[in-house]
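Source file: protein-v3.pdb. Holds: PDB, C-alpha atoms.
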```pdb
MODEL        1
ATOM      1  CA  MET V1122     108.688  83.475  98.282
ATOM      2  CA  LYS V1123     108.693  86.430  95.909
ATOM      3  CA  LEU V1124     111.251  89.237  95.619
ATOM      4  CA  SER V1125     110.351  92.915  95.494
ATOM      5  CA  VAL V1126     112.292  96.177  95.406
ATOM      6  CA  ALA V1127     111.457  99.488  97.099
ATOM      7  CA  ILE V1128     110.734 102.339  94.679
ATOM      8  CA  ALA V1129     109.385 105.883  94.958
ATOM      9  CA  GLY V1130     108.211 108.772  92.856
ATOM     10  CA  ALA V1131     110.685 111.126  91.226
ATOM     11  CA  GLU V1132     110.123 113.732  93.973
ATOM     12  CA  ALA V1133     110.968 111.437  96.880
ATOM     13  CA  MET V1134     113.231 112.812  99.594
ATOM     14  CA  ALA V1135     116.956 112.364  99.039
ATOM     15  CA  ASN V1136     117.238 110.141 102.139
ATOM     16  CA  ALA V1137     114.306 107.848 101.266
ATOM     17  CA  PHE V1138     115.207 104.146 101.603
ATOM     18  CA  VAL V1139     114.428 103.245  98.003
ATOM     19  CA  VAL V1140     116.484 101.835  95.165
ATOM     20  CA  PHE V1141     114.784 103.456  92.182
ATOM     21  CA  ARG V1142     112.925 106.759  91.706
ATOM     22  CA  GLY V1143     110.261 107.577  89.173
ATOM     23  CA  VAL V1144     107.425 105.050  89.244
ATOM     24  CA  GLU V1145     107.207 104.272  85.511
ATOM     25  CA  SER V1146     110.936 103.881  84.886
ATOM     26  CA  SER V1147     111.350 101.981  88.176
ATOM     27  CA  ILE V1148     108.742  99.387  87.252
ATOM     28  CA  ILE V1149     110.360  98.815  83.869
ATOM     29  CA  LYS V1150     113.804  98.491  85.460
ATOM     30  CA  ALA V1151     112.534  96.139  88.182
ATOM     31  CA  HIS V1152     111.140  93.821  85.521
ATOM     32  CA  GLU V1153     114.339  93.908  83.472
ATOM     33  CA  LEU V1154     116.441  92.970  86.509
ATOM     34  CA  GLY V1155     114.291  90.013  87.561
ATOM     35  CA  PHE V1156     112.201  91.256  90.488
ATOM     36  CA  ASP V1157     108.688  89.907  90.991
ATOM     37  CA  GLY V1158     107.242  93.113  92.373
ATOM     38  CA  VAL V1159     107.708  96.671  93.611
ATOM     39  CA  GLU V1160     107.022  98.252  96.985
ATOM     40  CA  LEU V1161     105.608 101.755  96.590
ATOM     41  CA  ALA V1162     107.123 104.252  99.048
ATOM     42  CA  LEU V1163     104.760 107.214  98.852
ATOM     43  CA  LYS V1164     104.215 110.543 100.556
ATOM     44  CA  ARG V1165     100.617 110.819  99.369
ATOM     45  CA  PRO V1166      98.087 108.388  97.847
ATOM     46  CA  ASP V1167      97.609 110.517  94.721
ATOM     47  CA  GLU V1168     101.281 110.227  93.688
ATOM     48  CA  VAL V1169     100.276 107.351  91.430
ATOM     49  CA  ASP V1170      97.478 107.100  88.866
ATOM     50  CA  LYS V1171      95.750 103.749  89.343
ATOM     51  CA  SER V1172      95.012 103.189  85.666
ATOM     52  CA  VAL V1173      98.575 103.997  84.631
ATOM     53  CA  LEU V1174      99.969 101.832  87.433
ATOM     54  CA  ARG V1175      97.753  98.898  86.462
ATOM     55  CA  LYS V1176      98.883  99.151  82.842
ATOM     56  CA  LEU V1177     102.578  99.346  83.762
ATOM     57  CA  LEU V1178     102.356  96.355  86.075
ATOM     58  CA  LYS V1179     100.575  94.260  83.463
ATOM     59  CA  GLU V1180     103.041  95.172  80.716
ATOM     60  CA  ASN V1181     105.981  94.266  82.964
ATOM     61  CA  SER V1182     104.478  91.181  84.650
ATOM     62  CA  LEU V1183     104.935  92.679  88.134
ATOM     63  CA  GLU V1184     102.843  93.091  91.285
ATOM     64  CA  VAL V1185     102.789  95.683  94.028
ATOM     65  CA  SER V1186     104.070  93.940  97.136
ATOM     66  CA  ALA V1187     103.010  96.685  99.579
ATOM     67  CA  VAL V1188     102.453 100.401 100.020
ATOM     68  CA  SER V1189     105.046 101.925 102.356
ATOM     69  CA  SER V1190     104.420 104.993 104.536
ATOM     70  CA  GLY V1191     107.917 105.990 105.652
ATOM     71  CA  GLN V1192     107.874 109.248 103.722
ATOM     72  CA  VAL V1193     104.646 110.303 105.425
ATOM     73  CA  PHE V1194     106.713 110.576 108.596
ATOM     74  CA  ALA V1195     109.950 111.852 107.055
ATOM     75  CA  ALA V1196     108.525 114.396 104.610
ATOM     76  CA  ARG V1197     105.206 115.378 106.230
ATOM     77  CA  ASN V1198     105.872 114.795 109.952
ATOM     78  CA  LEU V1199     102.664 112.807 110.463
ATOM     79  CA  TYR V1200     102.581 109.954 112.966
ATOM     80  CA  PHE V1201     100.248 107.842 115.105
ATOM     81  CA  THR V1202     101.417 109.131 118.519
ATOM     82  CA  ASP V1203     100.865 112.815 117.682
ATOM     83  CA  GLU V1204      98.449 114.567 120.054
ATOM     84  CA  ASP V1205      97.487 117.314 117.572
ATOM     85  CA  LYS V1206      93.931 116.619 116.367
ATOM     86  CA  ALA V1207      94.351 118.304 112.990
ATOM     87  CA  LYS V1208      97.500 116.347 112.195
ATOM     88  CA  ARG V1209      95.861 113.114 113.350
ATOM     89  CA  LYS V1210      93.003 113.771 110.933
ATOM     90  CA  GLU V1211      95.479 114.443 108.128
ATOM     91  CA  LEU V1212      97.287 111.201 108.911
ATOM     92  CA  TYR V1213      94.037 109.235 109.058
ATOM     93  CA  ASP V1214      92.958 110.586 105.659
ATOM     94  CA  THR V1215      96.359 109.735 104.194
ATOM     95  CA  PHE V1216      96.245 106.177 105.504
ATOM     96  CA  CYS V1217      92.715 105.704 104.221
ATOM     97  CA  GLY V1218      94.007 106.762 100.804
ATOM     98  CA  PHE V1219      96.880 104.277 101.036
ATOM     99  CA  ILE V1220      94.424 101.577 102.073
ATOM    100  CA  ASP V1221      92.183 102.354  99.094
ATOM    101  CA  LEU V1222      95.215 102.112  96.817
ATOM    102  CA  ALA V1223      96.347  98.850  98.422
ATOM    103  CA  SER V1224      92.880  97.369  98.020
ATOM    104  CA  ASP V1225      93.619  97.271  94.280
ATOM    105  CA  PHE V1226      97.379  96.745  94.522
ATOM    106  CA  GLY V1227      99.015  94.365  96.978
ATOM    107  CA  GLY V1228      96.598  94.482  99.895
ATOM    108  CA  LEU V1229      99.264  95.585 102.420
ATOM    109  CA  VAL V1230     100.100  98.970 103.958
ATOM    110  CA  ASN V1231     103.258  99.432 106.035
ATOM    111  CA  ILE V1232     103.463 101.323 109.325
ATOM    112  CA  GLY V1233     107.114 102.082 109.975
ATOM    113  CA  ARG V1234     108.273 105.284 111.635
ATOM    114  CA  THR V1235     104.757 106.671 111.121
ATOM    115  CA  ARG V1236     103.849 104.937 114.380
ATOM    116  CA  GLY V1237     105.635 107.877 116.028
ATOM    117  CA  SER V1238     107.900 108.271 119.014
ATOM    118  CA  ILE V1239     107.595 108.669 122.774
ATOM    119  CA  GLY V1240     110.076 111.526 123.002
ATOM    120  CA  GLY V1241     110.074 111.962 126.772
ATOM    121  CA  ARG V1242     106.287 111.776 127.137
ATOM    122  CA  ASP V1243     104.286 109.273 129.166
ATOM    123  CA  PRO V1244     104.746 105.904 127.392
ATOM    124  CA  GLN V1245     101.185 104.872 128.278
ATOM    125  CA  LEU V1246      99.806 108.026 126.665
ATOM    126  CA  CYS V1247     101.791 107.352 123.491
ATOM    127  CA  GLU V1248     100.634 103.747 123.394
ATOM    128  CA  GLN V1249      97.010 104.848 123.777
ATOM    129  CA  LEU V1250      97.397 107.411 120.982
ATOM    130  CA  PHE V1251      98.843 104.674 118.784
ATOM    131  CA  LEU V1252      96.060 102.227 119.606
ATOM    132  CA  GLU V1253      93.346 104.779 118.881
ATOM    133  CA  MET V1254      94.754 105.509 115.435
ATOM    134  CA  ALA V1255      95.484 101.831 114.805
ATOM    135  CA  HIS V1256      91.866 100.870 115.393
ATOM    136  CA  SER V1257      90.596 103.745 113.256
ATOM    137  CA  VAL V1258      92.671 102.808 110.218
ATOM    138  CA  ALA V1259      92.082  99.083 110.816
ATOM    139  CA  ASP V1260      88.326  99.716 110.608
ATOM    140  CA  HIS V1261      88.743 101.253 107.157
ATOM    141  CA  ALA V1262      91.227  98.571 106.084
ATOM    142  CA  GLU V1263      88.822  95.820 107.126
ATOM    143  CA  LYS V1264      86.140  97.227 104.833
ATOM    144  CA  ARG V1265      88.651  97.278 101.957
ATOM    145  CA  GLY V1266      90.180  93.844 102.564
ATOM    146  CA  VAL V1267      93.606  95.311 103.400
ATOM    147  CA  GLU V1268      96.146  94.321 106.068
ATOM    148  CA  LEU V1269      98.322  96.756 108.030
ATOM    149  CA  ILE V1270     101.876  95.633 108.794
ATOM    150  CA  LEU V1271     103.777  97.203 111.703
ATOM    151  CA  GLU V1272     107.563  97.392 111.294
ATOM    152  CA  PRO V1273     109.908  97.370 114.302
ATOM    153  CA  VAL V1274     112.589 100.038 113.743
ATOM    154  CA  ASN V1275     115.912 100.390 115.541
ATOM    155  CA  ARG V1276     116.460 102.726 118.514
ATOM    156  CA  TYR V1277     118.666 105.122 116.532
ATOM    157  CA  GLU V1278     115.707 106.058 114.306
ATOM    158  CA  ILE V1279     112.784 105.953 116.768
ATOM    159  CA  ASP V1280     112.182 105.153 120.439
ATOM    160  CA  PHE V1281     108.938 103.158 120.179
ATOM    161  CA  ILE V1282     108.621  99.504 119.080
ATOM    162  CA  ASN V1283     112.221  98.563 118.356
ATOM    163  CA  ASN V1284     112.220  94.767 118.247
ATOM    164  CA  LEU V1285     109.939  91.897 117.306
ATOM    165  CA  ASP V1286     108.985  90.978 120.877
ATOM    166  CA  GLU V1287     107.845  94.554 121.578
ATOM    167  CA  CYS V1288     105.921  94.558 118.325
ATOM    168  CA  SER V1289     104.147  91.290 119.146
ATOM    169  CA  ALA V1290     103.194  92.596 122.586
ATOM    170  CA  LEU V1291     101.621  95.687 121.030
ATOM    171  CA  LEU V1292      99.874  93.667 118.314
ATOM    172  CA  LYS V1293      98.264  91.565 121.030
ATOM    173  CA  LYS V1294      96.804  94.802 122.418
ATOM    174  CA  VAL V1295      95.671  95.921 118.959
ATOM    175  CA  ASN V1296      93.999  92.510 118.607
ATOM    176  CA  ARG V1297      92.837  92.937 115.017
ATOM    177  CA  LYS V1298      92.913  90.178 112.416
ATOM    178  CA  ASN V1299      94.126  92.614 109.750
ATOM    179  CA  PHE V1300      97.078  93.930 111.812
ATOM    180  CA  ALA V1301     100.380  92.025 111.533
ATOM    181  CA  MET V1302     104.164  92.492 111.581
ATOM    182  CA  MET V1303     106.777  93.479 109.040
ATOM    183  CA  PRO V1304     110.250  92.413 110.271
ATOM    184  CA  ASP V1305     113.222  94.189 108.687
ATOM    185  CA  VAL V1306     116.443  92.229 109.147
ATOM    186  CA  PHE V1307     118.535  95.424 109.097
ATOM    187  CA  HIS V1308     116.750  96.656 112.223
ATOM    188  CA  MET V1309     116.720  93.145 113.708
ATOM    189  CA  ASN V1310     120.509  92.975 113.392
ATOM    190  CA  ILE V1311     120.656  95.903 115.833
ATOM    191  CA  GLU V1312     117.763  95.103 118.164
ATOM    192  CA  ASP V1313     117.113  91.325 118.211
ATOM    193  CA  ALA V1314     119.758  89.177 119.896
ATOM    194  CA  HIS V1315     119.194  86.234 117.514
ATOM    195  CA  ILE V1316     117.415  87.018 114.256
ATOM    196  CA  GLY V1317     116.359  83.453 113.508
ATOM    197  CA  GLN V1318     115.075  82.738 117.003
ATOM    198  CA  SER V1319     113.153  86.017 117.064
ATOM    199  CA  LEU V1320     111.457  85.273 113.745
ATOM    200  CA  ILE V1321     110.468  81.821 114.999
ATOM    201  CA  ARG V1322     109.305  83.108 118.384
ATOM    202  CA  ASN V1323     107.108  85.762 116.761
ATOM    203  CA  LYS V1324     105.961  83.696 113.785
ATOM    204  CA  GLU V1325     102.276  84.301 114.564
ATOM    205  CA  TYR V1326     102.526  87.865 113.295
ATOM    206  CA  VAL V1327     105.170  87.704 110.509
ATOM    207  CA  ARG V1328     103.446  88.831 107.307
ATOM    208  CA  TYR V1329     106.095  90.593 105.172
ATOM    209  CA  VAL V1330     109.882  90.936 105.379
ATOM    210  CA  HIS V1331     112.370  93.670 104.468
ATOM    211  CA  PHE V1332     115.862  92.602 103.410
ATOM    212  CA  ALA V1333     119.088  94.616 103.562
ATOM    213  CA  ASP V1334     122.557  93.697 104.696
ATOM    214  CA  THR V1335     124.194  94.916 107.893
ATOM    215  CA  ASN V1336     125.481  98.076 106.171
ATOM    216  CA  ARG V1337     122.068  98.807 104.553
ATOM    217  CA  HIS V1338     123.573  97.809 101.208
ATOM    218  CA  ALA V1339     122.416  94.988  98.948
ATOM    219  CA  PRO V1340     122.013  91.544 100.528
ATOM    220  CA  GLY V1341     125.384  89.810 100.325
ATOM    221  CA  ASP V1342     127.391  93.021 100.770
ATOM    222  CA  GLY V1343     127.720  92.754 104.566
ATOM    223  CA  HIS V1344     127.795  90.116 107.296
ATOM    224  CA  MET V1345     124.090  89.399 107.800
ATOM    225  CA  PRO V1346     123.464  85.742 108.849
ATOM    226  CA  TRP V1347     121.468  84.880 105.749
ATOM    227  CA  ASP V1348     121.574  81.113 106.282
ATOM    228  CA  GLU V1349     120.015  81.622 109.703
ATOM    229  CA  ILE V1350     117.372  83.966 108.279
ATOM    230  CA  PHE V1351     116.268  81.670 105.460
ATOM    231  CA  SER V1352     116.328  78.672 107.791
ATOM    232  CA  ALA V1353     114.019  80.501 110.209
ATOM    233  CA  LEU V1354     111.676  81.623 107.441
ATOM    234  CA  THR V1355     111.496  78.014 106.246
ATOM    235  CA  THR V1356     110.816  76.794 109.788
ATOM    236  CA  ILE V1357     107.832  79.127 110.184
ATOM    237  CA  GLY V1358     106.527  78.280 106.713
ATOM    238  CA  TYR V1359     106.906  81.822 105.396
ATOM    239  CA  ASN V1360     106.056  82.124 101.714
ATOM    240  CA  GLY V1361     105.375  85.837 101.280
ATOM    241  CA  TRP V1362     107.319  88.805  99.972
ATOM    242  CA  THR V1363     110.927  89.658 100.729
ATOM    243  CA  THR V1364     111.686  93.214  99.684
ATOM    244  CA  ALA V1365     115.059  94.832  99.118
ATOM    245  CA  GLU V1366     114.919  98.123 101.029
ATOM    246  CA  ILE V1367     118.515  99.216 100.617
ATOM    247  CA  LEU V1368     120.744 102.175  99.934
ATOM    248  CA  PRO V1369     121.367 102.544  96.188
ATOM    249  CA  PHE V1370     125.121 101.966  96.588
ATOM    250  CA  PRO V1371     127.279 102.307  94.564
ATOM    251  CA  ASP V1372     124.429 103.169  92.206
ATOM    252  CA  PRO V1373     120.789 102.055  91.950
ATOM    253  CA  GLU V1374     121.171  99.526  89.138
ATOM    254  CA  THR V1375     124.252  97.869  90.620
ATOM    255  CA  ALA V1376     122.599  97.610  94.040
ATOM    256  CA  ALA V1377     119.482  96.071  92.500
ATOM    257  CA  LYS V1378     121.493  93.621  90.382
ATOM    258  CA  ARG V1379     123.485  92.501  93.428
ATOM    259  CA  SER V1380     120.272  91.920  95.366
ATOM    260  CA  VAL V1381     118.750  89.734  92.682
ATOM    261  CA  ALA V1382     121.991  87.853  92.030
ATOM    262  CA  PHE V1383     122.519  87.070  95.700
ATOM    263  CA  LEU V1384     118.959  86.295  96.741
ATOM    264  CA  LYS V1385     117.734  84.474  93.644
ATOM    265  CA  GLY V1386     121.165  82.957  93.051
ATOM    266  CA  THR V1387     122.537  81.810  96.403
ATOM    267  CA  TYR V1388     119.052  81.371  97.874
ATOM    268  CA  GLY V1389     117.193  80.675  94.654
ATOM    269  CA  LYS V1390     115.577  77.493  95.956
ATOM    270  CA  TYR V1391     113.433  79.606  98.276
ATOM    271  CA  TYR V1392     111.977  81.694  95.446
ATOM    272  CA  SER V1393     109.214  80.394  93.220
TER     273      SER V1393
ENDMDL
END
```

Represent the structure contained in this file as structure tokens.
Amino acid sequence: MKLSVAIAGAEAMANAFVVFRGVESSIIKAHELGFDGVELALKRPDEVDKSVLRKLLKENSLEVSAVSSGQVFAARNLYFTDEDKAKRKELYDTFCGFIDLASDFGGLVNIGRTRGSIGGRDPQLCEQLFLEMAHSVADHAEKRGVELILEPVNRYEIDFINNLDECSALLKKVNRKNFAMMPDVFHMNIEDAHIGQSLIRNKEYVRYVHFADTNRHAPGDGHMPWDEIFSALTTIGYNGWTTAEILPFPDPETAAKRSVAFLKGTYGKYYS
């Protein structure tokens, strides 16, 4: 496995789930602290210059693990289950831009809260709206050799696709080879009765994993069942990215250092 850290541009929202802000300085810091890669949490595809990004990654021996779309929902209010045609077009264009970026960096684009909510509407309507957008962006991603990874998110943040079983059921309906799952153990701690069993049960779709402890702080700062998690990941033969998507508590550098120390220290045998 490889370890990544979530970063964003300097203008990211104050409540964005990232450790570092400012792409250039974040990449340098991630390298200094011992991460293998960075996850780019972006509002828009043009927040990063590809040539500058490529140079920074090379100089710091890092990779992009994935492009994350959470801020597209939080800052721009764009989401898959929206019925407004103009906003759906804006979202589609944004995702195509993320896919184009990911085709050069990482090959993965996250769909978290951007899948949208039900919000009292007909659940079947919302599912159909999601599926229509999912197929549209998957068509573009297929041409670019990119995978889309759907993240179950807990009920306190959204009311659609909360646990891994629900996610797998929807992915079966999507039925695209380039559409998979992105479990986040923070959300799983709320929604999945047994994290390890759920990972094993849904192993077919597990493509990328977010790590945070039970309090959304650095791994090791709460009571997450890490032995169970790593055992399950070993059982399913997972060898992809694990990304620290945590609150920068008590400060960004300390949170990042704790993540590396705990994950590559206590669980170092799982990281190559």

Considering only C-alpha atoms, state which residue in the set V:Ile1311, V:Cys1288, V:Ala1129, V:Val1193 is at the smallest distance from V:Asp1214.
-> V:Val1193

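Proximity to V:Leu1154 at 12 Å, evaluated using only C-alpha atoms and with sequence-adjacent residues fewer than 5 positions away removed, yields Leu1124, Ser1125, Val1126, Ser1147, Ile1148, Ile1149, Val1159, Asn1181, Leu1183, Pro1373, Glu1374, Thr1375, Ala1376, Ala1377, Lys1378, Arg1379, Ser1380, Val1381, Ala1382 and Lys1385 of chain V.
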
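Here the question is which of V:Lys1208, V:His1152, V:Arg1234, V:His1308 gets nearest to V:Arg1337 using only C-alpha atoms, and that residue is V:His1308.
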
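You will find atom CA of V:Ala1196 at 19.1 Å from atom CA of V:Ile1239.
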
Could you pull the residues within 10 Å of stretch 1221-1227 of chain V, counting all atoms listed in the file, minus those fewer than 4 positions along the same chain, as a VMD selection string?
-> chain V and resid 1158 to 1161 1166 to 1167 1169 to 1171 1174 to 1175 1178 1184 to 1188 1215 to 1217 1261 to 1262 1264 to 1268

Compile the contact shell of V:Asn1136 as a VMD selection string: residues with an atom at most 12 Å away, counting only C-alpha atoms, same-chain residues fewer than 6 positions apart removed.
-> chain V and resid 1129 1142 1191 to 1192 1195 to 1196 1367 to 1369

So what does the PyMOL selection byres ((chain V and resi 1333) around 10) actually pick up in this one, as a PyMOL selection string?
-> chain V and resi 1305-1308+1331-1332+1334-1343+1345+1363-1368+1380

Any chance you can output those residues with C-alpha atoms as a PDB file, in the coordinates of the input?
```pdb
ATOM      1  CA  ASP V1305     113.222  94.189 108.687  1.00  0.00           C
ATOM      2  CA  VAL V1306     116.443  92.229 109.147  1.00  0.00           C
ATOM      3  CA  PHE V1307     118.535  95.424 109.097  1.00  0.00           C
ATOM      4  CA  HIS V1308     116.750  96.656 112.223  1.00  0.00           C
ATOM      5  CA  HIS V1331     112.370  93.670 104.468  1.00  0.00           C
ATOM      6  CA  PHE V1332     115.862  92.602 103.410  1.00  0.00           C
ATOM      7  CA  ASP V1334     122.557  93.697 104.696  1.00  0.00           C
ATOM      8  CA  THR V1335     124.194  94.916 107.893  1.00  0.00           C
ATOM      9  CA  ASN V1336     125.481  98.076 106.171  1.00  0.00           C
ATOM     10  CA  ARG V1337     122.068  98.807 104.553  1.00  0.00           C
ATOM     11  CA  HIS V1338     123.573  97.809 101.208  1.00  0.00           C
ATOM     12  CA  ALA V1339     122.416  94.988  98.948  1.00  0.00           C
ATOM     13  CA  PRO V1340     122.013  91.544 100.528  1.00  0.00           C
ATOM     14  CA  GLY V1341     125.384  89.810 100.325  1.00  0.00           C
ATOM     15  CA  ASP V1342     127.391  93.021 100.770  1.00  0.00           C
ATOM     16  CA  GLY V1343     127.720  92.754 104.566  1.00  0.00           C
ATOM     17  CA  MET V1345     124.090  89.399 107.800  1.00  0.00           C
ATOM     18  CA  THR V1363     110.927  89.658 100.729  1.00  0.00           C
ATOM     19  CA  THR V1364     111.686  93.214  99.684  1.00  0.00           C
ATOM     20  CA  ALA V1365     115.059  94.832  99.118  1.00  0.00           C
ATOM     21  CA  GLU V1366     114.919  98.123 101.029  1.00  0.00           C
ATOM     22  CA  ILE V1367     118.515  99.216 100.617  1.00  0.00           C
ATOM     23  CA  LEU V1368     120.744 102.175  99.934  1.00  0.00           C
ATOM     24  CA  SER V1380     120.272  91.920  95.366  1.00  0.00           C
TER      25      SER V1380
END
```

Interatomic distance between atom CA of V:Tyr1326 and atom CA of V:Ser1289?
-> 7.0 Å

Mind pulling up the distance from atom CA of V:Leu1291 to atom CA of V:Gly1237?
-> 13.8 Å

Pick from V:Phe1281, V:Glu1263, V:Phe1351, V:Ile1220, whichever lies nearest to V:Gln1245 using all atoms listed in the file | V:Phe1281

Would you kindly identify which residues have an atom no farther than 10 Å from (116.5, 82.1, 92.8), using only C-alpha atoms and the file's own coordinates, and write them out as a ChimeraX atom specification?
-> /V:1122-1124,1155,1381-1393

Run through the PyMOL selection byres ((chain V and resi 1312) around 7) on the given coordinates and return the selected residues as an NGL selection string.
-> :V and (1275 or 1283-1284 or 1308-1311 or 1313-1314)

Closest of V:Pro1346, V:Gly1130, V:Gly1317, V:Gly1233 to V:Val1274 - atom-to-atom distances counting all atoms listed in the file |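 Looking at the shortest contact to V:Val1274, the residue is V:Gly1233.
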
Nearest to V:Ile1321: which of V:Ile1350, V:Ala1290, V:Ile1357, V:Leu1212 is it, counting only C-alpha atoms?
->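 With only C-alpha atoms as the atom set, the closest residue is V:Ile1357.
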
Centre and edge lengths, as AutoDock Vina command-line options, for the axis-aligned box enclosing every listed atom of stretch 1346-1349 of chain V with 8 Å of padding on each of the six sides, in Å to one decimal?
```
--center_x 121.7 --center_y 83.4 --center_z 107.7 --size_x 19.4 --size_y 20.6 --size_z 20.0
```

Residue members of the PyMOL selection byres ((chain V and resi 1325) around 12) in the file shown, as a list in words =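 Applying the expression gives Leu1285, Asp1286, Cys1288, Ser1289, Ala1290, Leu1292, Lys1293, Lys1298, Phe1300, Ala1301, Met1302, Met1303, Ser1319, Leu1320, Ile1321, Arg1322, Asn1323, Lys1324, Tyr1326, Val1327, Arg1328, Tyr1329, Ile1357, Gly1358 and Tyr1359 of chain V.
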
Nearest to V:Asp1243 among V:His1315, V:Ser1189, V:Thr1202, V:Gly1361, with distances taken over all atoms listed in the file: which residue is it?
->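 Comparing V:His1315, V:Ser1189, V:Thr1202, V:Gly1361 against V:Asp1243, the winner is V:Thr1202.
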
Take stretch 1360-1375 of chain V, model N, CA, C and O atoms, and hand the result over as a PDB file, in the coordinates of the input.
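Below is the file out_19.pdb, written as the result:
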```pdb
ATOM      1  N   ASN V1360     106.035  82.201 103.173  1.00  0.00           N
ATOM      2  CA  ASN V1360     106.056  82.124 101.714  1.00  0.00           C
ATOM      3  C   ASN V1360     105.573  83.431 101.092  1.00  0.00           C
ATOM      4  O   ASN V1360     104.970  83.429 100.021  1.00  0.00           O
ATOM      5  N   GLY V1361     105.829  84.540 101.772  1.00  0.00           N
ATOM      6  CA  GLY V1361     105.375  85.837 101.280  1.00  0.00           C
ATOM      7  C   GLY V1361     106.480  86.603 100.572  1.00  0.00           C
ATOM      8  O   GLY V1361     107.403  86.030 100.006  1.00  0.00           O
ATOM      9  N   TRP V1362     106.366  87.925 100.640  1.00  0.00           N
ATOM     10  CA  TRP V1362     107.319  88.805  99.972  1.00  0.00           C
ATOM     11  C   TRP V1362     108.563  89.030 100.825  1.00  0.00           C
ATOM     12  O   TRP V1362     108.483  89.166 102.040  1.00  0.00           O
ATOM     13  N   THR V1363     109.709  89.093 100.153  1.00  0.00           N
ATOM     14  CA  THR V1363     110.927  89.658 100.729  1.00  0.00           C
ATOM     15  C   THR V1363     111.305  90.838  99.845  1.00  0.00           C
ATOM     16  O   THR V1363     111.408  90.688  98.627  1.00  0.00           O
ATOM     17  N   THR V1364     111.475  91.997 100.459  1.00  0.00           N
ATOM     18  CA  THR V1364     111.686  93.214  99.684  1.00  0.00           C
ATOM     19  C   THR V1364     113.029  93.849  99.997  1.00  0.00           C
ATOM     20  O   THR V1364     113.376  94.041 101.166  1.00  0.00           O
ATOM     21  N   ALA V1365     113.774  94.155  98.964  1.00  0.00           N
ATOM     22  CA  ALA V1365     115.059  94.832  99.118  1.00  0.00           C
ATOM     23  C   ALA V1365     114.805  96.313  99.386  1.00  0.00           C
ATOM     24  O   ALA V1365     114.414  97.058  98.492  1.00  0.00           O
ATOM     25  N   GLU V1366     115.001  96.716 100.651  1.00  0.00           N
ATOM     26  CA  GLU V1366     114.919  98.123 101.029  1.00  0.00           C
ATOM     27  C   GLU V1366     116.328  98.542 101.422  1.00  0.00           C
ATOM     28  O   GLU V1366     116.734  98.416 102.574  1.00  0.00           O
ATOM     29  N   ILE V1367     117.075  99.028 100.462  1.00  0.00           N
ATOM     30  CA  ILE V1367     118.515  99.216 100.617  1.00  0.00           C
ATOM     31  C   ILE V1367     118.950 100.585 100.110  1.00  0.00           C
ATOM     32  O   ILE V1367     118.219 101.251  99.366  1.00  0.00           O
ATOM     33  N   LEU V1368     120.136 100.981 100.514  1.00  0.00           N
ATOM     34  CA  LEU V1368     120.744 102.175  99.934  1.00  0.00           C
ATOM     35  C   LEU V1368     121.185 101.869  98.502  1.00  0.00           C
ATOM     36  O   LEU V1368     121.711 100.784  98.241  1.00  0.00           O
ATOM     37  N   PRO V1369     120.992 102.794  97.583  1.00  0.00           N
ATOM     38  CA  PRO V1369     121.367 102.544  96.188  1.00  0.00           C
ATOM     39  C   PRO V1369     122.868 102.709  95.969  1.00  0.00           C
ATOM     40  O   PRO V1369     123.322 103.573  95.220  1.00  0.00           O
ATOM     41  N   PHE V1370     123.656 101.869  96.627  1.00  0.00           N
ATOM     42  CA  PHE V1370     125.121 101.966  96.588  1.00  0.00           C
ATOM     43  C   PHE V1370     125.710 100.796  95.807  1.00  0.00           C
ATOM     44  O   PHE V1370     125.282  99.654  95.988  1.00  0.00           O
ATOM     45  N   PRO V1371     126.663 101.027  94.931  1.00  0.00           N
ATOM     46  CA  PRO V1371     127.279 102.307  94.564  1.00  0.00           C
ATOM     47  C   PRO V1371     126.420 103.134  93.616  1.00  0.00           C
ATOM     48  O   PRO V1371     126.663 104.313  93.421  1.00  0.00           O
ATOM     49  N   ASP V1372     125.419 102.491  93.026  1.00  0.00           N
ATOM     50  CA  ASP V1372     124.429 103.169  92.206  1.00  0.00           C
ATOM     51  C   ASP V1372     123.188 102.285  92.193  1.00  0.00           C
ATOM     52  O   ASP V1372     123.256 101.094  92.528  1.00  0.00           O
ATOM     53  N   PRO V1373     122.024 102.831  91.848  1.00  0.00           N
ATOM     54  CA  PRO V1373     120.789 102.055  91.950  1.00  0.00           C
ATOM     55  C   PRO V1373     120.799 100.738  91.186  1.00  0.00           C
ATOM     56  O   PRO V1373     120.426  99.697  91.731  1.00  0.00           O
ATOM     57  N   GLU V1374     121.230 100.746  89.932  1.00  0.00           N
ATOM     58  CA  GLU V1374     121.171  99.526  89.138  1.00  0.00           C
ATOM     59  C   GLU V1374     122.117  98.452  89.670  1.00  0.00           C
ATOM     60  O   GLU V1374     121.750  97.266  89.740  1.00  0.00           O
ATOM     61  N   THR V1375     123.310  98.847  90.069  1.00  0.00           N
ATOM     62  CA  THR V1375     124.252  97.869  90.620  1.00  0.00           C
ATOM     63  C   THR V1375     123.718  97.267  91.910  1.00  0.00           C
ATOM     64  O   THR V1375     123.800  96.048  92.132  1.00  0.00           O
TER      65      THR V1375
END
```
